[in-house]
Amino acid sequence: MPKSSDRVKEELAQKHCFILSVLVTIFVIALSDYFNVPNPAVVCFIAVVLSTFAGGFFCGSVSGSLTILYCGYFFSEPGHLMKYTSQNFYKIFIIFITTIFMILMVGILKRQLKNRTEALEKANKQLILFSAVDWLTGIANRRSFDELLDKEWKRGLSEQISVALVLIDVDFFKNYNDSYGHQAGDECLRHVAAAIIGQLSGRGNFAARYGGEEFVVVISDTSIDEAIKVGEDIRSAVEELRIPSGIGNICPYVTISVGIHSVVPSEDMSSDELVRAADFALYQAKTSGRNMVKVYNKVVENA
């Protein structure tokens with residue numbers, strides 16, 4: 001079974017840390033020997049700390065082993081390798097215990113630092129996510145919409161492809177809140193958001209809560225007929241939820257009105273004009289009886 005890329009990277013990092021810990025230890029030992037350091041233990045401890053902090057317990061153990069071997073050689077009696085006086089043997093024993101203690105302490109410190117760093121990174125990612133998501137409905141918020149629309153508008157201008165906007169408003173939502181309360185109103189908005197997302201699944205479109213009871217969908221590089229179909233599918237999906245409206249004499253169930261506009265961006269236009277046109281189409285849908293889809297008509301607006 002082939003190894004995952006993360007596993008390969010981890011093994012490669014371990015090899016690099018191993019080589020680094022060996023080189024650091026040898027370098028420190030060479031320096032202490034070159035400068036005739038009377039007691040190399042303190043200098044070697046520096047190598048152990050650096051290696052452990054850089055590569056964790058494994059690298060610290062490698063560096064510690066090399067350090068203890070060197071100290072064993074250093075404290076040997078002249079002409080008798082690995083033969084010690086009782087005093088020197090005691091020194092080696094202390095170095096051994098101290099090395100293990102340092103590896104454990106620095107390794108634990110490094111692990112705690114790593115855990116806290118990962119926790120901080122996770123918290124930062126959550127903050128970024130929360131800043132882009134509407135807390136009530138769980139879909140993208142107005143800020144995300146503004147950023148996405150700006151991005152898609154620039155892409156449309158560069159590639160000369162269309163950008164369509166589907167603006168959605170829940171009909172008689174104030175009456176719904178007055179009849180059932182704001183908690184029920186929040187639940188209603190969550191159901192509407194879910195219905196919108198359900199109709200966009202697999203289409204690669206973007207939906208966001210525009211504000212209050214309004215939602216918006218951005219569709220790039222598609223025909224106006226496809227944009228109308230998306231709007232109609234969403235309208236039907238919300239109607240099929242059969243959420244009691246609280247104003248049965250006007251409309252028995254919660255419905256939405258939809259305004260649509262599509263345009264190929266040009267240098268003498270801005271995305272604000274696209275939003276304004278979709279908003280006018282939405283106004284037409286609401287004044288024409290609600291629960292319908294309207295496409296922006298410049299002639300009608302100027303009439």
# chains A, B, ... in the order shown; residues from 1 in each chain; ligands from 1
call {"tool": "residues_around", "arguments": {"residues": "Asp272 in chain A", "least_positions_apart": "3", "cutoff": "12 Å", "atoms": "only C-alpha atoms", "output": "VMD selection string"}}
result
chain A and resid 146 149 to 150 153 165 261 263 265 268 to 269 275 to 279
call {"tool": "select_by_dssp", "arguments": {"residues": "range 2-248 of chain A", "states": "strand (DSSP E or B)", "output": "PyMOL selection string"}}
result
chain A and resi 77+80+133+140+163-170+206-211+214-220+244-247
call {"tool": "residues_around", "arguments": {"residues": "range 290-293 of chain A", "least_positions_apart": "5", "cutoff": "7 Å", "atoms": "only C-alpha atoms", "output": "PyMOL selection string"}}
result
chain A and resi 171+231-232+255-259+285
call {"tool": "residues_around", "arguments": {"residues": "Glu267 in chain A", "least_positions_apart": "5", "cutoff": "12 Å", "atoms": "only C-alpha atoms", "output": "ChimeraX atom specification"}}
result
/A:153-154,156-158,160
call {"tool": "residues_around", "arguments": {"residues": "Thr137 in chain A", "least_positions_apart": "6", "cutoff": "12 Å", "atoms": "only C-alpha atoms", "output": "VMD selection string"}}
result
chain A and resid 130 185 to 197 207 to 215
call {"tool": "atom_distance", "arguments": {"atom1": "CA of Leu282 in chain A", "atom2": "CA of Lys294 in chain A"}}
result
6.5 Å
call {"tool": "residues_around", "arguments": {"residues": "range 240-247 of chain A", "least_positions_apart": "2", "cutoff": "8 Å", "atoms": "only C-alpha atoms", "output": "PDB file with N, CA, C and O atoms, in the first residue's frame"}}
result
ATOM      1  N   ASN A 175     -45.080  39.853   8.584  1.00  0.00           N
ATOM      2  CA  ASN A 175     -46.320  39.245   9.068  1.00  0.00           C
ATOM      3  C   ASN A 175     -46.062  37.885   9.710  1.00  0.00           C
ATOM      4  O   ASN A 175     -46.706  37.521  10.700  1.00  0.00           O
ATOM      5  N   TYR A 176     -45.093  37.131   9.132  1.00  0.00           N
ATOM      6  CA  TYR A 176     -44.754  35.820   9.697  1.00  0.00           C
ATOM      7  C   TYR A 176     -44.198  35.984  11.111  1.00  0.00           C
ATOM      8  O   TYR A 176     -44.587  35.271  12.031  1.00  0.00           O
ATOM      9  N   SER A 179     -46.897  36.872  13.544  1.00  0.00           N
ATOM     10  CA  SER A 179     -47.819  35.768  13.833  1.00  0.00           C
ATOM     11  C   SER A 179     -47.188  34.694  14.707  1.00  0.00           C
ATOM     12  O   SER A 179     -47.833  34.157  15.614  1.00  0.00           O
ATOM     13  N   TYR A 180     -45.904  34.361  14.462  1.00  0.00           N
ATOM     14  CA  TYR A 180     -45.284  33.217  15.134  1.00  0.00           C
ATOM     15  C   TYR A 180     -44.122  33.572  16.064  1.00  0.00           C
ATOM     16  O   TYR A 180     -43.644  32.713  16.808  1.00  0.00           O
ATOM     17  N   CYS A 188     -37.635  29.699  10.109  1.00  0.00           N
ATOM     18  CA  CYS A 188     -38.128  29.807   8.733  1.00  0.00           C
ATOM     19  C   CYS A 188     -36.993  30.181   7.787  1.00  0.00           C
ATOM     20  O   CYS A 188     -36.853  29.588   6.708  1.00  0.00           O
ATOM     21  N   SER A 236     -39.850  27.231  -6.358  1.00  0.00           N
ATOM     22  CA  SER A 236     -40.687  26.040  -6.187  1.00  0.00           C
ATOM     23  C   SER A 236     -40.303  25.257  -4.941  1.00  0.00           C
ATOM     24  O   SER A 236     -41.174  24.753  -4.215  1.00  0.00           O
ATOM     25  N   ALA A 237     -38.996  25.156  -4.690  1.00  0.00           N
ATOM     26  CA  ALA A 237     -38.509  24.400  -3.530  1.00  0.00           C
ATOM     27  C   ALA A 237     -39.007  25.023  -2.226  1.00  0.00           C
ATOM     28  O   ALA A 237     -39.387  24.313  -1.283  1.00  0.00           O
ATOM     29  N   VAL A 238     -38.987  26.354  -2.151  1.00  0.00           N
ATOM     30  CA  VAL A 238     -39.461  27.034  -0.935  1.00  0.00           C
ATOM     31  C   VAL A 238     -40.963  26.843  -0.784  1.00  0.00           C
ATOM     32  O   VAL A 238     -41.460  26.581   0.319  1.00  0.00           O
ATOM     33  N   ASN A 249     -55.288  34.030   4.524  1.00  0.00           N
ATOM     34  CA  ASN A 249     -56.245  34.702   3.635  1.00  0.00           C
ATOM     35  C   ASN A 249     -55.555  35.305   2.411  1.00  0.00           C
ATOM     36  O   ASN A 249     -56.192  35.571   1.395  1.00  0.00           O
ATOM     37  N   ILE A 250     -54.238  35.539   2.507  1.00  0.00           N
ATOM     38  CA  ILE A 250     -53.484  36.076   1.367  1.00  0.00           C
ATOM     39  C   ILE A 250     -52.702  34.975   0.664  1.00  0.00           C
ATOM     40  O   ILE A 250     -52.761  34.820  -0.556  1.00  0.00           O
ATOM     41  N   CYS A 251     -51.970  34.208   1.463  1.00  0.00           N
ATOM     42  CA  CYS A 251     -51.153  33.105   0.928  1.00  0.00           C
ATOM     43  C   CYS A 251     -50.990  32.068   2.035  1.00  0.00           C
ATOM     44  O   CYS A 251     -50.493  32.412   3.115  1.00  0.00           O
ATOM     45  N   PRO A 252     -51.396  30.836   1.820  1.00  0.00           N
ATOM     46  CA  PRO A 252     -51.362  29.847   2.905  1.00  0.00           C
ATOM     47  C   PRO A 252     -49.958  29.440   3.355  1.00  0.00           C
ATOM     48  O   PRO A 252     -49.758  29.077   4.507  1.00  0.00           O
ATOM     49  N   TYR A 253     -48.999  29.515   2.449  1.00  0.00           N
ATOM     50  CA  TYR A 253     -47.645  29.062   2.781  1.00  0.00           C
ATOM     51  C   TYR A 253     -46.608  30.156   2.510  1.00  0.00           C
ATOM     52  O   TYR A 253     -46.847  31.078   1.731  1.00  0.00           O
ATOM     53  N   VAL A 254     -45.467  30.012   3.150  1.00  0.00           N
ATOM     54  CA  VAL A 254     -44.366  30.946   2.931  1.00  0.00           C
ATOM     55  C   VAL A 254     -43.858  30.800   1.497  1.00  0.00           C
ATOM     56  O   VAL A 254     -43.623  29.685   1.011  1.00  0.00           O
TER      57      VAL A 254
END
call {"tool": "residues_around", "arguments": {"residues": "range 64-72 of chain A", "least_positions_apart": "4", "cutoff": "6 Å", "atoms": "only C-alpha atoms", "output": "ChimeraX atom specification"}}
result
/A:44,48,60
call {"tool": "select_by_dssp", "arguments": {"residues": "range 110-236 of chain A", "states": "helix (DSSP H, G or I)", "output": "PyMOL selection string"}}
result
chain A and resi 110-132+142-159+173-180+182-200+224-236
call {"tool": "atom_distance", "arguments": {"atom1": "CA of Met82 in chain A", "atom2": "CA of Ile97 in chain A"}}
result
18.2 Å
call {"tool": "closest_residue", "arguments": {"among": "A:Phe75, A:Phe206, A:Phe96, A:Phe101", "to": "Ile139 in chain A", "atoms": "only C-alpha atoms"}}
result
A:Phe206
call {"tool": "atom_distance", "arguments": {"atom1": "CA of Leu109 in chain A", "atom2": "CA of Ile92 in chain A"}}
result
25.3 Å
